[in-house]
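Participant: Following this line is start.pdb, made up of PDB, C-alpha atoms, pLDDT in the B column:
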```
MODEL        1
ATOM      1  CA  MET A   1       0.000   0.000   0.000  1.00 45.00           C
ATOM      2  CA  GLY A   2       2.925   2.342   0.415  1.00 46.00           C
ATOM      3  CA  THR A   3       1.432   4.655   3.028  1.00 59.00           C
ATOM      4  CA  GLU A   4      -0.081   3.197   6.179  1.00 75.00           C
ATOM      5  CA  ALA A   5      -3.871   3.218   6.209  1.00 81.00           C
ATOM      6  CA  VAL A   6      -5.508   5.033   9.118  1.00 90.00           C
ATOM      7  CA  GLY A   7      -8.957   4.702  10.584  1.00 93.00           C
ATOM      8  CA  PRO A   8     -11.788   7.231  10.466  1.00 97.00           C
ATOM      9  CA  THR A   9     -11.748  10.473  12.376  1.00 97.00           C
ATOM     10  CA  PRO A  10     -14.393  10.907  15.094  1.00 97.00           C
ATOM     11  CA  GLU A  11     -16.351  13.113  12.682  1.00 97.00           C
ATOM     12  CA  GLN A  12     -16.199  10.491   9.927  1.00 98.00           C
ATOM     13  CA  LYS A  13     -17.273   7.801  12.380  1.00 97.00           C
ATOM     14  CA  VAL A  14     -20.366   9.802  13.344  1.00 97.00           C
ATOM     15  CA  GLN A  15     -21.256  10.507   9.718  1.00 98.00           C
ATOM     16  CA  TRP A  16     -20.833   6.850   8.793  1.00 98.00           C
ATOM     17  CA  GLU A  17     -23.114   5.698  11.587  1.00 98.00           C
ATOM     18  CA  GLU A  18     -25.755   8.402  11.129  1.00 97.00           C
ATOM     19  CA  GLU A  19     -25.748   9.055   7.375  1.00 98.00           C
ATOM     20  CA  GLY A  20     -24.154   5.930   5.885  1.00 98.00           C
ATOM     21  CA  TYR A  21     -21.559   7.502   3.620  1.00 98.00           C
ATOM     22  CA  ILE A  22     -18.313   9.494   3.657  1.00 98.00           C
ATOM     23  CA  VAL A  23     -16.903  11.673   0.868  1.00 98.00           C
ATOM     24  CA  LEU A  24     -13.107  11.678   0.558  1.00 98.00           C
ATOM     25  CA  GLU A  25     -11.971  14.557  -1.632  1.00 97.00           C
ATOM     26  CA  ASP A  26      -8.601  14.137  -3.362  1.00 97.00           C
ATOM     27  CA  ALA A  27      -8.394  10.545  -2.164  1.00 98.00           C
ATOM     28  CA  LEU A  28      -6.373   9.954  -5.331  1.00 98.00           C
ATOM     29  CA  HIS A  29      -4.269  12.726  -6.774  1.00 97.00           C
ATOM     30  CA  GLY A  30      -1.100  13.605  -8.640  1.00 97.00           C
ATOM     31  CA  ALA A  31       0.833  10.925 -10.518  1.00 97.00           C
ATOM     32  CA  GLN A  32      -1.256   8.076  -9.131  1.00 97.00           C
ATOM     33  CA  LEU A  33      -4.504   9.618 -10.377  1.00 98.00           C
ATOM     34  CA  GLN A  34      -2.924  10.279 -13.768  1.00 98.00           C
ATOM     35  CA  ARG A  35      -1.774   6.668 -13.973  1.00 98.00           C
ATOM     36  CA  LEU A  36      -5.267   5.447 -13.119  1.00 98.00           C
ATOM     37  CA  GLN A  37      -6.819   7.711 -15.736  1.00 97.00           C
ATOM     38  CA  ALA A  38      -4.394   6.466 -18.379  1.00 97.00           C
ATOM     39  CA  ALA A  39      -5.039   2.808 -17.508  1.00 97.00           C
ATOM     40  CA  PHE A  40      -8.801   3.393 -17.563  1.00 95.00           C
ATOM     41  CA  ASP A  41      -8.710   5.059 -20.987  1.00 94.00           C
ATOM     42  CA  LYS A  42      -6.349   2.444 -22.455  1.00 95.00           C
ATOM     43  CA  ALA A  43      -8.549  -0.433 -21.321  1.00 94.00           C
ATOM     44  CA  THR A  44     -11.668   1.332 -22.596  1.00 93.00           C
ATOM     45  CA  VAL A  45     -10.162   1.688 -26.076  1.00 92.00           C
ATOM     46  CA  GLU A  46      -9.066  -1.959 -26.076  1.00 93.00           C
ATOM     47  CA  CYS A  47     -12.513  -3.253 -25.082  1.00 90.00           C
ATOM     48  CA  LYS A  48     -14.933  -0.781 -26.669  1.00 87.00           C
ATOM     49  CA  GLU A  49     -15.372  -2.535 -30.015  1.00 90.00           C
ATOM     50  CA  ASP A  50     -16.215  -5.866 -28.389  1.00 90.00           C
ATOM     51  CA  TRP A  51     -18.767  -4.123 -26.151  1.00 86.00           C
ATOM     52  CA  LEU A  52     -20.405  -2.390 -29.125  1.00 87.00           C
ATOM     53  CA  GLN A  53     -20.677  -5.717 -30.944  1.00 91.00           C
ATOM     54  CA  ARG A  54     -22.277  -7.323 -27.910  1.00 89.00           C
ATOM     55  CA  VAL A  55     -24.720  -4.403 -27.651  1.00 87.00           C
ATOM     56  CA  ALA A  56     -25.621  -4.894 -31.325  1.00 91.00           C
ATOM     57  CA  ARG A  57     -26.279  -8.596 -30.665  1.00 92.00           C
ATOM     58  CA  GLY A  58     -28.425  -7.784 -27.637  1.00 90.00           C
ATOM     59  CA  GLU A  59     -25.909  -9.357 -25.242  1.00 90.00           C
ATOM     60  CA  ALA A  60     -24.905  -6.182 -23.353  1.00 83.00           C
ATOM     61  CA  GLN A  61     -26.582  -3.059 -22.050  1.00 84.00           C
ATOM     62  CA  PRO A  62     -25.933   0.141 -24.040  1.00 82.00           C
ATOM     63  CA  THR A  63     -26.405   2.347 -20.962  1.00 82.00           C
ATOM     64  CA  PHE A  64     -23.164   1.401 -19.194  1.00 85.00           C
ATOM     65  CA  PHE A  65     -19.890  -0.342 -19.997  1.00 88.00           C
ATOM     66  CA  ASP A  66     -17.695  -2.257 -17.540  1.00 91.00           C
ATOM     67  CA  ILE A  67     -14.116  -3.086 -18.523  1.00 93.00           C
ATOM     68  CA  PRO A  68     -13.731  -6.885 -18.202  1.00 93.00           C
ATOM     69  CA  ASP A  69     -11.068  -8.323 -15.878  1.00 95.00           C
ATOM     70  CA  PRO A  70      -9.553  -4.942 -14.935  1.00 96.00           C
ATOM     71  CA  LEU A  71      -7.341  -6.339 -12.167  1.00 97.00           C
ATOM     72  CA  GLU A  72      -5.467  -8.377 -14.755  1.00 96.00           C
ATOM     73  CA  ARG A  73      -4.975  -5.426 -17.118  1.00 96.00           C
ATOM     74  CA  ASP A  74      -2.957  -3.043 -14.971  1.00 96.00           C
ATOM     75  CA  GLU A  75      -1.484  -3.228 -11.476  1.00 97.00           C
ATOM     76  CA  ILE A  76      -2.975   0.170 -10.618  1.00 98.00           C
ATOM     77  CA  PHE A  77      -6.429  -1.443 -10.437  1.00 98.00           C
ATOM     78  CA  VAL A  78      -5.089  -3.822  -7.796  1.00 98.00           C
ATOM     79  CA  ASP A  79      -3.269  -1.116  -5.859  1.00 97.00           C
ATOM     80  CA  ILE A  80      -6.391   0.966  -5.328  1.00 98.00           C
ATOM     81  CA  VAL A  81      -8.259  -1.920  -3.684  1.00 98.00           C
ATOM     82  CA  ASP A  82      -6.315  -1.441  -0.438  1.00 97.00           C
ATOM     83  CA  HIS A  83      -5.558   2.239  -0.937  1.00 98.00           C
ATOM     84  CA  PRO A  84      -4.738   3.983   2.351  1.00 97.00           C
ATOM     85  CA  SER A  85      -7.233   6.776   1.700  1.00 97.00           C
ATOM     86  CA  TRP A  86     -10.091   4.396   2.479  1.00 98.00           C
ATOM     87  CA  PHE A  87      -8.747   0.991   3.520  1.00 98.00           C
ATOM     88  CA  GLY A  88      -8.302   2.036   7.156  1.00 97.00           C
ATOM     89  CA  LEU A  89     -11.937   3.127   7.207  1.00 98.00           C
ATOM     90  CA  LEU A  90     -13.070  -0.202   5.792  1.00 98.00           C
ATOM     91  CA  GLN A  91     -11.045  -2.140   8.340  1.00 97.00           C
ATOM     92  CA  ASP A  92     -12.555  -0.116  11.161  1.00 97.00           C
ATOM     93  CA  PHE A  93     -16.122  -0.556   9.928  1.00 98.00           C
ATOM     94  CA  THR A  94     -15.710  -4.332   9.389  1.00 98.00           C
ATOM     95  CA  GLY A  95     -13.786  -4.970  12.594  1.00 97.00           C
ATOM     96  CA  GLY A  96     -10.637  -5.820  10.621  1.00 96.00           C
ATOM     97  CA  GLU A  97     -12.466  -8.421   8.491  1.00 97.00           C
ATOM     98  CA  THR A  98     -12.612  -6.673   5.109  1.00 98.00           C
ATOM     99  CA  LEU A  99     -13.060  -8.984   2.120  1.00 98.00           C
ATOM    100  CA  PHE A 100     -12.877  -7.710  -1.461  1.00 98.00           C
ATOM    101  CA  LEU A 101     -15.628  -9.060  -3.730  1.00 98.00           C
ATOM    102  CA  GLY A 102     -14.829  -7.359  -7.028  1.00 97.00           C
ATOM    103  CA  PRO A 103     -14.515  -4.162  -9.104  1.00 97.00           C
ATOM    104  CA  GLN A 104     -16.678  -2.374 -11.659  1.00 95.00           C
ATOM    105  CA  VAL A 105     -14.567  -0.123 -13.907  1.00 95.00           C
ATOM    106  CA  ARG A 106     -17.474   1.663 -15.470  1.00 91.00           C
ATOM    107  CA  SER A 107     -18.258   4.212 -18.168  1.00 88.00           C
ATOM    108  CA  VAL A 108     -21.762   5.687 -18.272  1.00 85.00           C
ATOM    109  CA  PRO A 109     -22.516   7.174 -21.706  1.00 80.00           C
ATOM    110  CA  VAL A 110     -24.770  10.167 -22.169  1.00 77.00           C
ATOM    111  CA  TRP A 111     -28.338   8.868 -21.986  1.00 76.00           C
ATOM    112  CA  PRO A 112     -31.766  10.454 -21.446  1.00 71.00           C
ATOM    113  CA  VAL A 113     -32.252   8.585 -18.167  1.00 77.00           C
ATOM    114  CA  SER A 114     -29.975   6.824 -15.688  1.00 80.00           C
ATOM    115  CA  TYR A 115     -29.046   3.185 -16.286  1.00 82.00           C
ATOM    116  CA  THR A 116     -30.305   2.381 -12.788  1.00 86.00           C
ATOM    117  CA  GLY A 117     -32.980   3.486 -10.342  1.00 88.00           C
ATOM    118  CA  TRP A 118     -33.019   3.986  -6.583  1.00 93.00           C
ATOM    119  CA  HIS A 119     -32.117   0.800  -4.729  1.00 93.00           C
ATOM    120  CA  PRO A 120     -30.174  -0.784  -1.851  1.00 95.00           C
ATOM    121  CA  ASP A 121     -27.679  -3.473  -2.884  1.00 96.00           C
ATOM    122  CA  VAL A 122     -28.291  -5.968  -0.099  1.00 96.00           C
ATOM    123  CA  PRO A 123     -30.829  -6.523   2.702  1.00 95.00           C
ATOM    124  CA  LEU A 124     -29.998  -5.747   6.320  1.00 95.00           C
ATOM    125  CA  SER A 125     -29.662  -9.501   6.935  1.00 96.00           C
ATOM    126  CA  ASN A 126     -26.563  -9.559   4.683  1.00 97.00           C
ATOM    127  CA  PRO A 127     -23.130  -9.069   6.288  1.00 97.00           C
ATOM    128  CA  LEU A 128     -22.021  -5.439   6.141  1.00 98.00           C
ATOM    129  CA  HIS A 129     -21.568  -4.577   2.466  1.00 98.00           C
ATOM    130  CA  ILE A 130     -19.549  -1.488   1.507  1.00 98.00           C
ATOM    131  CA  LYS A 131     -18.746   0.127  -1.806  1.00 98.00           C
ATOM    132  CA  VAL A 132     -16.187   2.763  -2.722  1.00 98.00           C
ATOM    133  CA  GLN A 133     -17.055   4.839  -5.775  1.00 97.00           C
ATOM    134  CA  ILE A 134     -14.076   6.665  -7.305  1.00 98.00           C
ATOM    135  CA  TYR A 135     -14.498   9.471  -9.804  1.00 97.00           C
ATOM    136  CA  VAL A 136     -11.850   9.010 -12.488  1.00 97.00           C
ATOM    137  CA  GLU A 137     -12.671  12.389 -14.069  1.00 96.00           C
ATOM    138  CA  ASP A 138     -14.558  15.417 -12.743  1.00 96.00           C
ATOM    139  CA  VAL A 139     -18.235  14.594 -12.208  1.00 94.00           C
ATOM    140  CA  SER A 140     -20.537  17.609 -12.067  1.00 91.00           C
ATOM    141  CA  GLU A 141     -24.250  17.756 -11.337  1.00 90.00           C
ATOM    142  CA  ASN A 142     -26.361  16.227 -14.103  1.00 87.00           C
ATOM    143  CA  SER A 143     -23.452  14.120 -15.368  1.00 87.00           C
ATOM    144  CA  GLY A 144     -24.475  10.827 -13.778  1.00 89.00           C
ATOM    145  CA  GLU A 145     -23.229  11.706 -10.306  1.00 93.00           C
ATOM    146  CA  PHE A 146     -23.760   9.303  -7.419  1.00 95.00           C
ATOM    147  CA  ALA A 147     -26.631  10.122  -5.057  1.00 96.00           C
ATOM    148  CA  PHE A 148     -27.544   8.678  -1.657  1.00 97.00           C
ATOM    149  CA  VAL A 149     -30.393   8.971   0.842  1.00 96.00           C
ATOM    150  CA  PRO A 150     -28.673   9.789   4.163  1.00 97.00           C
ATOM    151  CA  GLY A 151     -29.782   7.533   6.997  1.00 97.00           C
ATOM    152  CA  SER A 152     -31.498   5.014   4.727  1.00 96.00           C
ATOM    153  CA  HIS A 153     -28.979   2.344   5.732  1.00 97.00           C
ATOM    154  CA  ARG A 154     -30.302   2.114   9.275  1.00 96.00           C
ATOM    155  CA  ALA A 155     -32.836  -0.446  10.468  1.00 93.00           C
ATOM    156  CA  GLY A 156     -36.245   1.142  10.845  1.00 90.00           C
ATOM    157  CA  SER A 157     -35.340   4.136   8.707  1.00 89.00           C
ATOM    158  CA  GLY A 158     -38.614   3.851   6.848  1.00 77.00           C
ATOM    159  CA  SER A 159     -40.124   2.490   3.690  1.00 76.00           C
ATOM    160  CA  TYR A 160     -38.685   3.832   0.438  1.00 82.00           C
ATOM    161  CA  ALA A 161     -40.478   3.916  -2.886  1.00 78.00           C
ATOM    162  CA  ARG A 162     -38.762   3.679  -6.270  1.00 79.00           C
ATOM    163  CA  PRO A 163     -39.632   6.926  -8.076  1.00 77.00           C
ATOM    164  CA  LYS A 164     -39.254   6.879 -11.844  1.00 70.00           C
ATOM    165  CA  LEU A 165     -37.325  10.151 -11.728  1.00 74.00           C
ATOM    166  CA  GLY A 166     -34.147  10.076  -9.632  1.00 76.00           C
ATOM    167  CA  GLU A 167     -34.686  13.658  -8.523  1.00 85.00           C
ATOM    168  CA  SER A 168     -38.065  12.709  -7.014  1.00 84.00           C
ATOM    169  CA  MET A 169     -36.578  10.624  -4.177  1.00 90.00           C
ATOM    170  CA  PRO A 170     -37.300  12.477  -0.903  1.00 90.00           C
ATOM    171  CA  GLY A 171     -34.270  13.492   1.142  1.00 91.00           C
ATOM    172  CA  HIS A 172     -31.631  12.396  -1.339  1.00 95.00           C
ATOM    173  CA  ARG A 173     -28.243  14.069  -1.669  1.00 96.00           C
ATOM    174  CA  ARG A 174     -26.373  14.450  -4.948  1.00 96.00           C
ATOM    175  CA  LEU A 175     -22.612  13.935  -4.628  1.00 97.00           C
ATOM    176  CA  PRO A 176     -20.672  15.419  -7.551  1.00 96.00           C
ATOM    177  CA  GLY A 177     -16.907  15.701  -7.171  1.00 97.00           C
ATOM    178  CA  ARG A 178     -13.526  16.350  -8.723  1.00 97.00           C
ATOM    179  CA  ALA A 179     -11.421  13.617 -10.278  1.00 98.00           C
ATOM    180  CA  GLY A 180      -9.902  11.554  -7.470  1.00 98.00           C
ATOM    181  CA  THR A 181     -12.888  11.913  -5.143  1.00 98.00           C
ATOM    182  CA  ALA A 182     -13.934   8.672  -3.439  1.00 98.00           C
ATOM    183  CA  ILE A 183     -17.312   8.015  -1.824  1.00 98.00           C
ATOM    184  CA  VAL A 184     -17.443   5.243   0.766  1.00 98.00           C
ATOM    185  CA  PHE A 185     -21.025   4.107   1.312  1.00 98.00           C
ATOM    186  CA  ASN A 186     -23.023   1.499   3.164  1.00 98.00           C
ATOM    187  CA  SER A 187     -24.801  -0.635   0.574  1.00 98.00           C
ATOM    188  CA  TYR A 188     -27.819  -1.125   2.837  1.00 97.00           C
ATOM    189  CA  GLY A 189     -28.637   2.485   1.970  1.00 97.00           C
ATOM    190  CA  TRP A 190     -30.688   3.657  -1.001  1.00 95.00           C
ATOM    191  CA  HIS A 191     -28.604   5.086  -3.819  1.00 95.00           C
ATOM    192  CA  THR A 192     -28.477   5.623  -7.576  1.00 94.00           C
ATOM    193  CA  ALA A 193     -26.606   7.273 -10.424  1.00 92.00           C
ATOM    194  CA  MET A 194     -28.392  10.422 -11.526  1.00 91.00           C
ATOM    195  CA  ASP A 195     -29.247  11.132 -15.171  1.00 88.00           C
ATOM    196  CA  ASN A 196     -26.322  12.156 -17.369  1.00 87.00           C
ATOM    197  CA  THR A 197     -27.628  15.006 -19.501  1.00 87.00           C
ATOM    198  CA  THR A 198     -24.203  16.406 -20.390  1.00 87.00           C
ATOM    199  CA  THR A 199     -22.163  15.633 -23.502  1.00 84.00           C
ATOM    200  CA  THR A 200     -19.496  13.617 -21.630  1.00 88.00           C
ATOM    201  CA  SER A 201     -19.497  10.030 -20.395  1.00 87.00           C
ATOM    202  CA  ARG A 202     -19.078   9.538 -16.656  1.00 90.00           C
ATOM    203  CA  LYS A 203     -16.017   7.514 -15.697  1.00 93.00           C
ATOM    204  CA  SER A 204     -15.898   5.873 -12.307  1.00 95.00           C
ATOM    205  CA  ILE A 205     -14.670   2.797 -10.496  1.00 97.00           C
ATOM    206  CA  ILE A 206     -16.790   0.934  -7.971  1.00 97.00           C
ATOM    207  CA  LEU A 207     -14.926  -1.294  -5.516  1.00 98.00           C
ATOM    208  CA  ILE A 208     -17.091  -3.811  -3.664  1.00 98.00           C
ATOM    209  CA  TYR A 209     -16.313  -5.116  -0.174  1.00 98.00           C
ATOM    210  CA  GLU A 210     -18.033  -7.097   2.550  1.00 98.00           C
ATOM    211  CA  ARG A 211     -17.389  -8.164   6.114  1.00 98.00           C
ATOM    212  CA  ARG A 212     -15.717 -11.556   5.784  1.00 97.00           C
ATOM    213  CA  THR A 213     -17.797 -14.684   6.161  1.00 97.00           C
ATOM    214  CA  PRO A 214     -16.529 -18.188   5.235  1.00 95.00           C
ATOM    215  CA  GLU A 215     -19.045 -18.682   2.416  1.00 95.00           C
ATOM    216  CA  LYS A 216     -17.833 -15.566   0.591  1.00 96.00           C
ATOM    217  CA  VAL A 217     -14.150 -16.598   0.561  1.00 96.00           C
ATOM    218  CA  HIS A 218     -13.227 -18.132  -2.804  1.00 94.00           C
ATOM    219  CA  PRO A 219      -9.441 -18.590  -3.138  1.00 92.00           C
ATOM    220  CA  ASP A 220      -9.669 -19.136  -6.900  1.00 94.00           C
ATOM    221  CA  ALA A 221     -11.529 -15.880  -7.613  1.00 95.00           C
ATOM    222  CA  PHE A 222      -8.388 -13.752  -7.722  1.00 97.00           C
ATOM    223  CA  LYS A 223      -5.695 -16.353  -8.347  1.00 95.00           C
ATOM    224  CA  ALA A 224      -4.615 -14.478 -11.509  1.00 96.00           C
ATOM    225  CA  ILE A 225      -3.284 -11.625  -9.368  1.00 97.00           C
ATOM    226  CA  ALA A 226      -1.847 -13.803  -6.591  1.00 96.00           C
ATOM    227  CA  PRO A 227       1.749 -12.745  -7.476  1.00 96.00           C
ATOM    228  CA  LEU A 228       0.790  -9.163  -6.543  1.00 97.00           C
ATOM    229  CA  CYS A 229      -0.505 -10.254  -3.139  1.00 96.00           C
ATOM    230  CA  THR A 230       2.729 -10.636  -1.207  1.00 93.00           C
ATOM    231  CA  THR A 231       1.557  -9.634   2.278  1.00 94.00           C
ATOM    232  CA  PRO A 232      -0.763 -11.541   4.646  1.00 94.00           C
ATOM    233  CA  GLU A 233      -3.057  -8.491   4.752  1.00 94.00           C
ATOM    234  CA  ARG A 234      -3.515  -8.362   0.989  1.00 96.00           C
ATOM    235  CA  ARG A 235      -3.929 -12.130   0.679  1.00 96.00           C
ATOM    236  CA  ALA A 236      -6.655 -11.980   3.318  1.00 96.00           C
ATOM    237  CA  LEU A 237      -8.317  -9.037   1.583  1.00 97.00           C
ATOM    238  CA  PHE A 238      -8.535 -10.914  -1.726  1.00 98.00           C
ATOM    239  CA  GLY A 239      -9.605 -14.143  -0.051  1.00 97.00           C
ATOM    240  CA  LEU A 240      -6.616 -16.073  -1.336  1.00 95.00           C
ATOM    241  CA  GLU A 241      -6.497 -18.058   1.880  1.00 84.00           C
ATOM    242  CA  VAL A 242      -9.448 -19.583   3.703  1.00 72.00           C
TER
ENDMDL
END
```
I need this file expressed as structure tokens, please.
Facilitator:
Amino acid sequence: MGTEAVGPTPEQKVQWEEEGYIVLEDALHGAQLQRLQAAFDKATVECKEDWLQRVARGEAQPTFFDIPDPLERDEIFVDIVDHPSWFGLLQDFTGGETLFLGPQVRSVPVWPVSYTGWHPDVPLSNPLHIKVQIYVEDVSENSGEFAFVPGSHRAGSGSYARPKLGESMPGHRRLPGRAGTAIVFNSYGWHTAMDNTTTTSRKSIILIYERRTPEKVHPDAFKAIAPLCTTPERRALFGLEV
């Protein structure tokens, strides 16, 4: 990881518990952000034609594009999984039992409506499920920015409808940000990507984690990157050992 990961501040801890998300501005910056941007764009160019062909055959959605097998394409996609800007937070929230489930290296083309609606990812009965959304380029309002309903992750927070228009969800908060911004959020909470009505695709990376349970540990899932996992902490994070 390079720099030691640190846990949340008292203020971040309160926000996590009460609102269910934390925004980390400039979580990635400088040369590392530039390297990530270059790797993202290179992989997009390499995979775009195959995606368009699959869209034409009706085998893929035209409203978003995920780069296949990103961890095997460039080491930078592996290095951000345990990045110190957020890994210490994850370890605190999971009691030191963070397990990585997978990445989504995603482009969201300009489209009249969002590719997704308001939803939680898992029920409250699921082990704690956390995502980190990283903006690879600047994401302004109305460009497919992430949005979250603060407090919706808590048991008894209320019943939430699924409005057809993202902007119609009561109490939601839009979270635009500069390139390098990371949003750590509790996947019990209701969230969405807003409509992208600009002329630029939204580029982001979604890293998916969960509190470790034996049934979610699959040593073969990330065996292709095992040579990059040289510490016990990283091997545990990727579930390379039961």
Participant: Once you count all atoms listed in the file, what closest atom pair and distance in Å to one decimal does each residue of stretch 174-212 of chain A within 6 Å of stretch 109-131 of chain A have, with rows by chain and rising residue number, as CSV?
Facilitator:
```
residue,atom,partner,partner_atom,distance
A:Val184,CA,A:Lys131,CA,5.9
A:Phe185,CA,A:Lys131,CA,5.5
A:Asn186,CA,A:Ile130,CA,4.9
A:Ser187,CA,A:Asp121,CA,5.3
A:Tyr188,CA,A:Pro120,CA,5.3
A:Gly189,CA,A:Pro120,CA,5.3
A:Trp190,CA,A:Pro120,CA,4.6
A:His191,CA,A:Trp118,CA,5.3
A:Thr192,CA,A:Trp118,CA,4.9
A:Met194,CA,A:Ser114,CA,5.7
A:Asp195,CA,A:Ser114,CA,4.4
A:Asn196,CA,A:Val110,CA,5.4
A:Ser201,CA,A:Pro109,CA,4.4
A:Leu207,CA,A:Lys131,CA,5.5
A:Ile208,CA,A:Lys131,CA,4.7
A:Tyr209,CA,A:Ile130,CA,5.1
A:Glu210,CA,A:His129,CA,4.3
A:Arg211,CA,A:Leu128,CA,5.4
```
Participant: Would you write out those residues with C-alpha atoms, as a compact mmCIF listing (two decimals), in the coordinates of the input?
Facilitator:
```txt
# COMPACT_ATOMS: atom_id res chain seq x y z
CA VAL A 184 -17.44 5.24 0.77
CA PHE A 185 -21.02 4.11 1.31
CA ASN A 186 -23.02 1.50 3.16
CA SER A 187 -24.80 -0.64 0.57
CA TYR A 188 -27.82 -1.12 2.84
CA GLY A 189 -28.64 2.48 1.97
CA TRP A 190 -30.69 3.66 -1.00
CA HIS A 191 -28.60 5.09 -3.82
CA THR A 192 -28.48 5.62 -7.58
CA MET A 194 -28.39 10.42 -11.53
CA ASP A 195 -29.25 11.13 -15.17
CA ASN A 196 -26.32 12.16 -17.37
CA SER A 201 -19.50 10.03 -20.40
CA LEU A 207 -14.93 -1.29 -5.52
CA ILE A 208 -17.09 -3.81 -3.66
CA TYR A 209 -16.31 -5.12 -0.17
CA GLU A 210 -18.03 -7.10 2.55
CA ARG A 211 -17.39 -8.16 6.11
```
Participant: Work out how far apart atom CA of A:Ala147 and atom CA of A:Leu101 are and give it in Å to one decimal.
Facilitator: 22.2 Å
Participant: Name the residues in contact with A:Thr98 at a cut-off of 10 Å, using only C-alpha atoms, excluding same-chain residues fewer than 5 positions from it; report them as a PyMOL selection string.
Facilitator: chain A and resi 82+87-88+90-93+128-130+209-213+233+236-239
Participant: Just to confirm, what's the straight-line distance from atom CA of A:Leu89 to atom CA of A:Val6 in Å (one decimal)?
Facilitator: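 So the two atoms, atom CA of A:Leu89 and atom CA of A:Val6, lie 7.0 Å apart.
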Participant: Could you pull the residues within 7 Å of stretch 30-33 of chain A, counting all atoms listed in the file, minus those fewer than 3 positions along the same chain, as a PDB file with C-alpha atoms, keeping the file's coordinate frame?
Facilitator:
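out_0.pdb written:
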```pdb
ATOM      1  CA  LEU A  36      -5.267   5.447 -13.119  1.00 98.00           C
ATOM      2  CA  GLN A  37      -6.819   7.711 -15.736  1.00 97.00           C
ATOM      3  CA  GLY A 180      -9.902  11.554  -7.470  1.00 98.00           C
TER       4      GLY A 180
END
```
Participant: One decimal, Å: what's the distance from atom CA of A:Trp86 over to atom CA of A:Thr200, could you say?
Facilitator: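 Atom CA of A:Thr200 lies 27.5 Å from atom CA of A:Trp86.
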Participant: Using only C-alpha atoms, which residue out of A:Asn142, A:Thr181, A:Ser152, A:Thr94 lies closest to A:Glu167?
Facilitator: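 For A:Glu167, the nearest of the given residues is A:Asn142.
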Participant: Using all atoms listed in the file, which of A:Ile22, A:Ala226, A:Ile205, A:Ala60 sits nearest A:Val81?
Facilitator: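 Comparing A:Ile22, A:Ala226, A:Ile205, A:Ala60 against A:Val81, the winner is A:Ile205.
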Participant: Would you please work out which residue, of A:Pro68, A:Pro163, A:Gly20, A:Pro84, is nearest to A:Val149 when using only C-alpha atoms?
Facilitator: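 Result for the nearest residue to A:Val149: A:Gly20.
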Participant: With all atoms of stretch 42-55 of chain A from the file as input, state the centre and edge lengths in Å to one decimal of the axis-aligned box that has 3 Å extra on each side, as JSON.
Facilitator:
```
{"center_x": -15.5, "center_y": -2.4, "center_z": -26.1, "size_x": 24.4, "size_y": 15.8, "size_z": 15.6}
```
Participant: Apply the PyMOL selection byres ((chain A and resi 48) around 12) to the file shown and report the selected residues as a ChimeraX atom specification.
Facilitator: /A:40-47,49-55,60,62,64-68,106-107
Participant: Where does the PyMOL selection byres ((chain A and resi 240) around 10) land in this file, that is, which residues does it pick, as an MDAnalysis selection string?
Facilitator: chainID A and resid 217:223 225:226 229 232 234:239 241:242
Participant: Mind checking which residues fall within 9 Å of A:Phe77, counting all atoms listed in the file, ignoring those fewer than 4 positions away in the same chain, and posting them as a ChimeraX atom specification?
Facilitator: /A:36,39-40,70-73,81,103,105
Participant: Could you turn the residues from that selection into a file that holds C-alpha atoms, as a CSV table (one decimal), in the frame of the given file?
Facilitator:
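Result file is selection.csv:
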```
chain,number,residue,atom,x,y,z
A,36,LEU,CA,-5.3,5.4,-13.1
A,39,ALA,CA,-5.0,2.8,-17.5
A,40,PHE,CA,-8.8,3.4,-17.6
A,70,PRO,CA,-9.6,-4.9,-14.9
A,71,LEU,CA,-7.3,-6.3,-12.2
A,72,GLU,CA,-5.5,-8.4,-14.8
A,73,ARG,CA,-5.0,-5.4,-17.1
A,81,VAL,CA,-8.3,-1.9,-3.7
A,103,PRO,CA,-14.5,-4.2,-9.1
A,105,VAL,CA,-14.6,-0.1,-13.9
```
Participant: For the structure provided, state which residues fall under the PyMOL selection byres ((chain A and resi 134) around 9), and present them as a JSON list (two decimals) with C-alpha atoms, in the frame of the given file.
Facilitator:
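This is the output file selection.json:
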```json
[["chain", "number", "residue", "atom", "x", "y", "z"],
["A", 27, "ALA", "CA", -8.39, 10.54, -2.16],
["A", 28, "LEU", "CA", -6.37, 9.95, -5.33],
["A", 132, "VAL", "CA", -16.19, 2.76, -2.72],
["A", 133, "GLN", "CA", -17.06, 4.84, -5.78],
["A", 135, "TYR", "CA", -14.50, 9.47, -9.80],
["A", 136, "VAL", "CA", -11.85, 9.01, -12.49],
["A", 137, "GLU", "CA", -12.67, 12.39, -14.07],
["A", 179, "ALA", "CA", -11.42, 13.62, -10.28],
["A", 180, "GLY", "CA", -9.90, 11.55, -7.47],
["A", 181, "THR", "CA", -12.89, 11.91, -5.14],
["A", 182, "ALA", "CA", -13.93, 8.67, -3.44],
["A", 183, "ILE", "CA", -17.31, 8.02, -1.82],
["A", 184, "VAL", "CA", -17.44, 5.24, 0.77],
["A", 203, "LYS", "CA", -16.02, 7.51, -15.70],
["A", 204, "SER", "CA", -15.90, 5.87, -12.31],
["A", 205, "ILE", "CA", -14.67, 2.80, -10.50],
["A", 206, "ILE", "CA", -16.79, 0.93, -7.97],
["A", 207, "LEU", "CA", -14.93, -1.29, -5.52]]
```
